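Read the structure below first, then the notes.
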Amino acid sequence: MAKEKRSVGLSRDYIIHPGETLAEVIEDRGMTQRELAVRTGMSEKHISTVIHGQKNISAAFARKLEYALGIETSFWMNLQANYDRELLEFEELNNITEEELNVLKNLKEVTDVWTSFGWIDGEANPAAMVLDYRMIFGISNLLDTPKMSYAAAYRAQSKNASVDPYVLFAWQRMCELLTKNIEIADEIDVEKLRLSIPEIKKVMFMRANQIQKRLSEIFSDCGIAFRIVPNFTGAPVQGFIKKTEEGTLILCMTLRQKFADIFWFTLFHEIAHILNGDTKHEFIDFDSVSGDMEAKADRMAGEFLINSEEYKIFVNAEGYKSLNEIKSFAASQNVRDYIVQGRLMKEQMIPWSARPRYEWE
């Protein structure tokens, strides 16, 4: 994905036609255009037009040059291909509209992160950067990005001013690229995922810098490529799930608020979506989307973490009034005490107070 800095596009003079190389070769050999014409069986006019950049080197002519000069056909064809590519890029760079260049303003935060990944050259001129984004987005004009299809959750957010379609699509592509090389089982195994829930709960007791690695291992065995990814302003999402062509899944999460209890609830919320079959093709889970599907996933996530009947007994007994009782109840549910505290705070059973946060790349 990393690229060298572009030098093309600043001036047409930097693009060298293969005819210039041909002229240098025959000059070094003391050969005239007329002699080359004889050796290749072409007219002097044809040789002249190639040398002056008015005609390209065809595959047939490249072969004739190999006979005449002993320089392989592939050398001349590569020169021509490189020239054609650079010329096309030059024309693209100099025909990018102001509207498409303005899209880069929306993507400033994305550019900073992607530069650190080596995907984008943050010092490139804006036109060259547009070409990089076109390539990564898989689209010939960035202005067409909002027309790309998203999950129903995105359509529900279409009137939400906090959603930027360019940033959202960039975030989605980042998820796809960051999970591309994760080795996983050949296909999704939903039942294995369900049975892995107790093991996933154990991970919350590990050190923060070990969590992503262990979760990735567990999900990989279930046919799911898991990754915690950066979040961007303009993409108020908490999760992304996508079914791949191979029948596996991509699961990405952000650390938008970084609270540990929210992270684990969100993770089990995403697991619930997978178990419920909500991810037929592509699913973007927004922070503020509500509905029956989300409510069902919330209920399941809550149940995965804390047994609802046992929680009622704990609350009715006013166990929440004692920190020791909270810790004891959390241990009985195989969760960290901040999981119970976070739920009690949300339900206004105890005052809001400091909660642990996760900080990792």
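By convention here, the chains of the structure tokens are called A, B, ... in the order presented, each chain's residues are numbered starting at 1, and ligands are numbered starting at 1 in the order presented.
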>> I want to know what sits within 7 Å of region 171-176 of chain A, based on only C-alpha atoms, with residues of the same chain fewer than 5 positions away left out; could you give that as an MDAnalysis selection string?
In response: chainID A and resid 137 229 252
>> Could you go through region 309-352 of chain A and tell me which residues DSSP, when run on the backbone, assigns to alpha helix (DSSP H), listing them as a list in words?
In response: Glu309, Glu310, Tyr311, Lys312, Ile313, Phe314, Val315, Asn316, Leu323, Asn324, Glu325, Ile326, Lys327, Ser328, Phe329, Ala330, Ala331, Ser332, Asp337, Tyr338, Ile339, Val340, Gln341, Gly342, Arg343, Leu344, Met345 and Lys346 of chain A
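Counting only C-alpha atoms, the residue from A:Ile350, A:Ile306, A:Ile274, A:Ala59 that sits nearest to Val190 (chain A) is A:Ile274.
The space separating CA of Glu66 (chain A) from CA of Asp13 (chain A) comes to 27.4 Å.
Among the candidate residues A:Asp337, A:Glu199, A:Glu246, A:Glu27, the one lying nearest to Pro356 (chain A) is A:Asp337, with distances computed using only C-alpha atoms.
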>> Under the rule that only C-alpha atoms are counted, which of A:Glu191, A:Ser322, A:Glu359, A:Ile16 is the nearest residue to Pro230 (chain A)?
In response: A:Glu359
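Considering only C-alpha atoms, the residue among A:Arg355, A:Arg34, A:Arg194, A:Arg39 positioned nearest to Cys222 (chain A) is A:Arg194.
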> Got a sec: who's within 7 Å of Phe268 (chain A), counting only C-alpha atoms, leaving out chain neighbours fewer than 4 positions off, as a PyMOL selection string?
Replying inline: chain A and resi 264+272+301
Taking N, CA, C and O atoms for each residue, export the selection above as a PDB file, in the first residue's frame.
ATOM      1  N   TRP A 264     -16.863  -3.565  26.432  1.00  0.00           N
ATOM      2  CA  TRP A 264     -17.298  -4.952  26.545  1.00  0.00           C
ATOM      3  C   TRP A 264     -18.777  -5.121  26.220  1.00  0.00           C
ATOM      4  O   TRP A 264     -19.156  -6.094  25.563  1.00  0.00           O
ATOM      5  N   ALA A 272     -23.962 -10.456  19.465  1.00  0.00           N
ATOM      6  CA  ALA A 272     -25.398 -10.753  19.392  1.00  0.00           C
ATOM      7  C   ALA A 272     -25.914 -10.581  17.969  1.00  0.00           C
ATOM      8  O   ALA A 272     -26.717 -11.386  17.483  1.00  0.00           O
ATOM      9  N   ALA A 301     -26.670  -8.814  24.832  1.00  0.00           N
ATOM     10  CA  ALA A 301     -25.367  -8.399  25.347  1.00  0.00           C
ATOM     11  C   ALA A 301     -25.415  -8.292  26.868  1.00  0.00           C
ATOM     12  O   ALA A 301     -24.495  -8.746  27.566  1.00  0.00           O
TER      13      ALA A 301
END
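CA of Glu92 (chain A) is positioned 20.0 Å from CA of Asn56 (chain A).
The interatomic distance for the pair CA of Met148 (chain A) and CA of Phe90 (chain A) works out to 26.9 Å.
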Hey, could you make a per-residue contact list for region 33-96 of chain A against region 111-135 of chain A with 10 Å as the cut-off, showing the nearest pair of atoms and its distance in Å to one decimal, counting only C-alpha atoms, sorted by chain and number, as CSV?
residue,atom,partner,partner_atom,distance
A:Glu89,CA,A:Leu131,CA,8.4
A:Phe90,CA,A:Ala128,CA,9.4
A:Glu92,CA,A:Leu131,CA,8.1
A:Leu93,CA,A:Ala127,CA,5.3
A:Asn94,CA,A:Ala127,CA,7.7
A:Asn95,CA,A:Ala127,CA,9.0
A:Ile96,CA,A:Ala127,CA,6.8
May I have the residues within 9 Å of Met204 (chain A) as a CSV table (one decimal) with N, CA, C and O atoms, in the first residue's frame, using only C-alpha atoms and disregarding those fewer than 2 positions away in the same chain?
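Result file result.csv:
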chain,number,residue,atom,x,y,z
A,200,ILE,N,-14.4,-15.5,26.0
A,200,ILE,CA,-14.3,-14.1,25.7
A,200,ILE,C,-14.4,-13.3,26.9
A,200,ILE,O,-13.7,-12.3,27.1
A,201,LYS,N,-15.3,-13.7,27.8
A,201,LYS,CA,-15.5,-12.9,29.1
A,201,LYS,C,-14.2,-13.0,29.9
A,201,LYS,O,-13.8,-12.0,30.6
A,202,LYS,N,-13.5,-14.0,29.8
A,202,LYS,CA,-12.2,-14.1,30.6
A,202,LYS,C,-11.2,-13.1,30.2
A,202,LYS,O,-10.3,-12.7,30.9
A,206,MET,N,-7.6,-9.8,31.5
A,206,MET,CA,-6.2,-9.7,31.0
A,206,MET,C,-5.7,-8.2,31.0
A,206,MET,O,-6.6,-7.3,31.1
A,207,ARG,N,-4.4,-8.0,30.9
A,207,ARG,CA,-3.9,-6.6,30.8
A,207,ARG,C,-4.4,-6.0,29.4
A,207,ARG,O,-4.6,-6.7,28.4
A,208,ALA,N,-4.6,-4.7,29.4
A,208,ALA,CA,-5.2,-4.1,28.3
A,208,ALA,C,-4.4,-4.3,27.0
A,208,ALA,O,-5.0,-4.5,25.9
A,211,ILE,N,-5.4,-7.7,25.3
A,211,ILE,CA,-6.8,-7.9,24.9
A,211,ILE,C,-7.0,-8.1,23.5
A,211,ILE,O,-7.7,-9.1,23.0
A,260,ALA,N,-14.1,1.1,29.6
A,260,ALA,CA,-13.9,-0.3,29.5
A,260,ALA,C,-15.3,-1.0,29.5
A,260,ALA,O,-15.5,-2.0,28.8
A,264,TRP,N,-16.9,-3.6,26.4
A,264,TRP,CA,-17.3,-5.0,26.5
A,264,TRP,C,-18.8,-5.1,26.2
A,264,TRP,O,-19.2,-6.1,25.6
A,335,VAL,N,-17.3,-11.4,35.6
A,335,VAL,CA,-17.0,-10.1,34.9
A,335,VAL,C,-16.2,-9.2,35.9
A,335,VAL,O,-16.2,-9.5,37.1
A,336,ARG,N,-15.6,-8.2,35.3
A,336,ARG,CA,-14.9,-7.2,36.2
A,336,ARG,C,-15.9,-6.4,36.9
A,336,ARG,O,-17.0,-6.2,36.4
>> Quick one: residues within 12 Å of Glu99 (chain A), only C-alpha atoms, excluding same-chain residues fewer than 6 positions away - as a list of chain:residue names?
In response: A:Lys105, A:Asn106, A:Ala127, A:Val130, A:Asn141, A:Leu142, A:Leu143, A:Asp144
>> At a cut-off of 12 Å, using only C-alpha atoms, what residues contact Val25 (chain A)? Leave out same-chain residues fewer than 2 positions from it and give the result as an MDAnalysis selection string.
In response: chainID A and resid 18:23 27:33 36 51 65 68:71 76
> Using only C-alpha atoms, which residues sit within 9 Å of Tyr83 (chain A) once same-chain residues fewer than 2 positions away are excluded, as a PyMOL selection string?
Replying inline: chain A and resi 15-18+78-81+85-88
>> Among region 188-251 of chain A, which residues does DSSP mark as strand (DSSP E) when it is run on the backbone? Keep the chain and numbering as in the structure and answer as an NGL selection string.
In response: :A and (224-228 or 237-243 or 249-251)
